[in-house]
Amino acid sequence: MPAPLEQLAWASAPAPLTDAVRLSSFPGLVPAPRGCRGRRYPLSALVTAAAASVLAGARSLAAITEWVSDAPAWACRVLGFPVNPLTGAVCVPHPHTLRRLLVQPDGDALDRAIGACLAARAAPAGPALQAIAVDGKALRGSRTATTTHGTLLAAMDHTGTVLAQRQVADKSNEIPAFAPLLDTIDLTGTVITADALHTQHAHGTCLRKRGAHYIAQVKANHPTLSDRARHLPWPDITLDHYERTRAHHRHEIRRLKTAAFAHIDCPEARQALHVVRWRQDFTSDKLTTERIYLITS
């Protein structure tokens with residue numbers, strides 16, 4: 001299955017036809033890979049039908065083509081397939097045709113179109129901030145005998161919907177792909193979280209210019225910033241949050257403190273957070289304590 005369509009596989013509570021029809025206005029962002037001569041099916045109908053099948057549970061090209069072949073006529077008509085003016089029958093592509101056409105569109109353009117649709121779907125209705133997590137992932141099935149696996153940098157909201165993804169260059173890392181990834185998303189009223197690799201001044205400046213807030217994890221890759229965060233007067237600060245859970249054969253306690261400050265070496269930073277995770281494993285009786293420091297705008 002094409003990688004851009006995998007974004008749809010994680011959509012929360014999908015309504016296959018409704019969400020697919022909503023997507024039909026976004027594939028206009030994808031340039032048509034075919035000439036006009038001999039074209040029977042519009043690209044928007046093919047992409048919309050593939051999206052509906054993935055939202056309905058298809059996870060391979062074979063499953064996508066089978067779903068489209070078995071779809072009722074009224075559903076195919078809604079998805080945008082042409083209707084025979086004489087008989088009124090809806091024309092759907094042969095499975096081999098659909099399989100061949102789905103691998104032709106520009107993958108990055110299709111990523112942007114699907115990400116824009118999912119971002120519009122996931123946007124909060126009220127004034128609440130939308131949380132978006134940025135993280136890298138290995139592309140399943142991309143490893144070969146001569147090459148390592150491909151890596152995608154993805155932006156996902158906290159319901160599990162992938163809003164955008166971008167391939168990381170083979171001889172690079174995730175840092176240069178951070179800003180281009182988020183260029184396809186409206187960041188107004190969002191909070192971006194990422195791992196310590198993306199705690200970069202340029203990233204913070206870019207996010208604040210685009211109206212987004214950030215929560216950045218501070219580790220040893222920024223020793224001065226880490227030292228300042230660790231030496232704030234945490235023992236004198238009141239506990240803001242306490243949570244105790246027992247699950248998965250372990251006992252966990254989480255404690256959170258926040259501190260406001262006037263000056264720190266991070267773009268428009270306003271608060272520091274100190275998280276302590278205390279965990280006891282019932283199986284091995286191992287006790288671990290983890291301390292995490294974060295900076296937020």
# chains A, B, ... in the order shown; residues from 1 in each chain; ligands from 1

call {"tool": "residues_around", "arguments": {"residues": "Gly189 (chain A)", "least_positions_apart": "4", "cutoff": "9 Å", "atoms": "only C-alpha atoms", "output": "list of chain:residue names"}}
result
A:Pro127, A:Ala128, A:Leu129, A:Gln130, A:Ala131, A:Gly211, A:Ala212, A:His213

call {"tool": "write_last_selection", "arguments": {"atoms": "C-alpha atoms", "output": "compact mmCIF listing (two decimals), in the first residue's frame"}}
result
# COMPACT_ATOMS: atom_id res chain seq x y z
CA PRO A 127 -10.59 27.79 21.57
CA ALA A 128 -8.62 24.87 23.04
CA LEU A 129 -5.03 24.33 21.93
CA GLN A 130 -4.38 21.34 19.67
CA ALA A 131 -1.49 19.09 20.70
CA GLY A 211 1.74 31.07 16.18
CA ALA A 212 2.53 27.70 17.78
CA HIS A 213 3.70 26.92 21.29

call {"tool": "select_by_dssp", "arguments": {"residues": "region 91-139 of chain A", "states": "strand (DSSP E)", "output": "list in words"}}
result
Gln130, Ala131, Ile132, Ala133, Val134, Asp135, Gly136, Lys137 and Ala138 of chain A

call {"tool": "write_last_selection", "arguments": {"atoms": "N, CA, C and O atoms", "output": "mmCIF file, in the first residue's frame"}}
result
data_model
loop_
_atom_site.group_PDB
_atom_site.id
_atom_site.type_symbol
_atom_site.label_atom_id
_atom_site.label_comp_id
_atom_site.auth_asym_id
_atom_site.auth_seq_id
_atom_site.Cartn_x
_atom_site.Cartn_y
_atom_site.Cartn_z
ATOM 1 N N GLN A 130 -4.508 22.674 20.239
ATOM 2 C CA GLN A 130 -4.383 21.338 19.668
ATOM 3 C C GLN A 130 -2.956 20.847 19.871
ATOM 4 O O GLN A 130 -1.991 21.524 19.518
ATOM 5 N N ALA A 131 -2.808 19.663 20.447
ATOM 6 C CA ALA A 131 -1.490 19.093 20.702
ATOM 7 C C ALA A 131 -1.047 18.252 19.505
ATOM 8 O O ALA A 131 -1.806 17.423 19.010
ATOM 9 N N ILE A 132 0.182 18.481 19.039
ATOM 10 C CA ILE A 132 0.750 17.738 17.911
ATOM 11 C C ILE A 132 2.124 17.224 18.318
ATOM 12 O O ILE A 132 2.965 18.002 18.788
ATOM 13 N N ALA A 133 2.351 15.932 18.145
ATOM 14 C CA ALA A 133 3.639 15.315 18.467
ATOM 15 C C ALA A 133 4.407 15.063 17.174
ATOM 16 O O ALA A 133 3.846 14.572 16.195
ATOM 17 N N VAL A 134 5.701 15.372 17.175
ATOM 18 C CA VAL A 134 6.579 15.150 16.023
ATOM 19 C C VAL A 134 7.588 14.068 16.406
ATOM 20 O O VAL A 134 8.262 14.174 17.429
ATOM 21 N N ASP A 135 7.670 13.028 15.580
ATOM 22 C CA ASP A 135 8.590 11.938 15.884
ATOM 23 C C ASP A 135 8.946 11.203 14.595
ATOM 24 O O ASP A 135 8.183 11.234 13.624
ATOM 25 N N GLY A 136 10.084 10.543 14.598
ATOM 26 C CA GLY A 136 10.517 9.763 13.447
ATOM 27 C C GLY A 136 10.112 8.308 13.585
ATOM 28 O O GLY A 136 9.914 7.799 14.691
ATOM 29 N N LYS A 137 9.975 7.639 12.447
ATOM 30 C CA LYS A 137 9.601 6.225 12.450
ATOM 31 C C LYS A 137 10.212 5.551 11.228
ATOM 32 O O LYS A 137 10.371 6.168 10.170
ATOM 33 N N ALA A 138 10.559 4.292 11.399
ATOM 34 C CA ALA A 138 11.089 3.510 10.282
ATOM 35 C C ALA A 138 9.940 3.058 9.400
ATOM 36 O O ALA A 138 8.881 2.649 9.900
#

call {"tool": "atom_distance", "arguments": {"atom1": "CA of Ala202 (chain A)", "atom2": "CA of His263 (chain A)"}}
result
17.7 Å

call {"tool": "closest_residue", "arguments": {"among": "A:His248, A:Leu79, A:Ala49, A:His149", "to": "Glu66 (chain A)", "atoms": "only C-alpha atoms"}}
result
A:Ala49

call {"tool": "residues_around", "arguments": {"residues": "Ala51 (chain A)", "least_positions_apart": "4", "cutoff": "8 Å", "atoms": "only C-alpha atoms", "output": "PyMOL selection string"}}
result
chain A and resi 5+8+16+20+47+55

call {"tool": "write_last_selection", "arguments": {"atoms": "all heavy atoms", "output": "tab-separated table (two decimals), in the first residue's frame"}}
result
chain	number	residue	atom	x	y	z
A	5	LEU	N	-1.14	6.68	2.02
A	5	LEU	CA	-2.44	6.18	2.45
A	5	LEU	C	-2.41	5.60	3.85
A	5	LEU	O	-3.45	5.47	4.49
A	5	LEU	CB	-2.94	5.12	1.46
A	5	LEU	CG	-3.32	5.62	0.06
A	5	LEU	CD1	-3.69	4.46	-0.84
A	5	LEU	CD2	-4.48	6.62	0.13
A	8	LEU	N	-4.12	7.42	6.73
A	8	LEU	CA	-5.55	7.25	6.97
A	8	LEU	C	-5.85	6.05	7.87
A	8	LEU	O	-6.91	5.99	8.48
A	8	LEU	CB	-6.29	7.09	5.64
A	8	LEU	CG	-6.20	8.28	4.68
A	8	LEU	CD1	-6.71	7.89	3.30
A	8	LEU	CD2	-6.98	9.46	5.22
A	16	PRO	N	-16.00	5.99	6.69
A	16	PRO	CA	-15.29	5.82	5.41
A	16	PRO	C	-15.79	6.69	4.28
A	16	PRO	O	-15.00	7.43	3.67
A	16	PRO	CB	-15.48	4.33	5.12
A	16	PRO	CG	-15.58	3.70	6.47
A	16	PRO	CD	-16.33	4.69	7.31
A	20	ALA	N	-13.99	10.15	3.10
A	20	ALA	CA	-13.41	10.05	1.76
A	20	ALA	C	-13.95	11.14	0.84
A	20	ALA	O	-13.21	11.73	0.05
A	20	ALA	CB	-13.68	8.67	1.17
A	47	VAL	N	-8.21	8.22	-5.92
A	47	VAL	CA	-7.65	8.47	-4.60
A	47	VAL	C	-8.73	8.41	-3.53
A	47	VAL	O	-8.54	7.86	-2.44
A	47	VAL	CB	-6.93	9.84	-4.58
A	47	VAL	CG1	-6.47	10.19	-3.17
A	47	VAL	CG2	-5.74	9.83	-5.53
A	55	LEU	N	-9.91	3.61	5.12
A	55	LEU	CA	-10.70	3.98	6.30
A	55	LEU	C	-11.64	2.85	6.73
A	55	LEU	O	-11.99	2.75	7.91
A	55	LEU	CB	-11.51	5.24	6.00
A	55	LEU	CG	-10.70	6.53	5.85
A	55	LEU	CD1	-11.56	7.64	5.25
A	55	LEU	CD2	-10.15	6.97	7.21

call {"tool": "closest_residue", "arguments": {"among": "A:Trp74, A:Leu61, A:Val92, A:Ala260", "to": "Ala45 (chain A)", "atoms": "only C-alpha atoms"}}
result
A:Val92

call {"tool": "atom_distance", "arguments": {"atom1": "CA of Glu6 (chain A)", "atom2": "CA of Gly141 (chain A)"}}
result
12.9 Å

call {"tool": "atom_distance", "arguments": {"atom1": "CA of Lys257 (chain A)", "atom2": "CA of Leu239 (chain A)"}}
result
5.2 Å
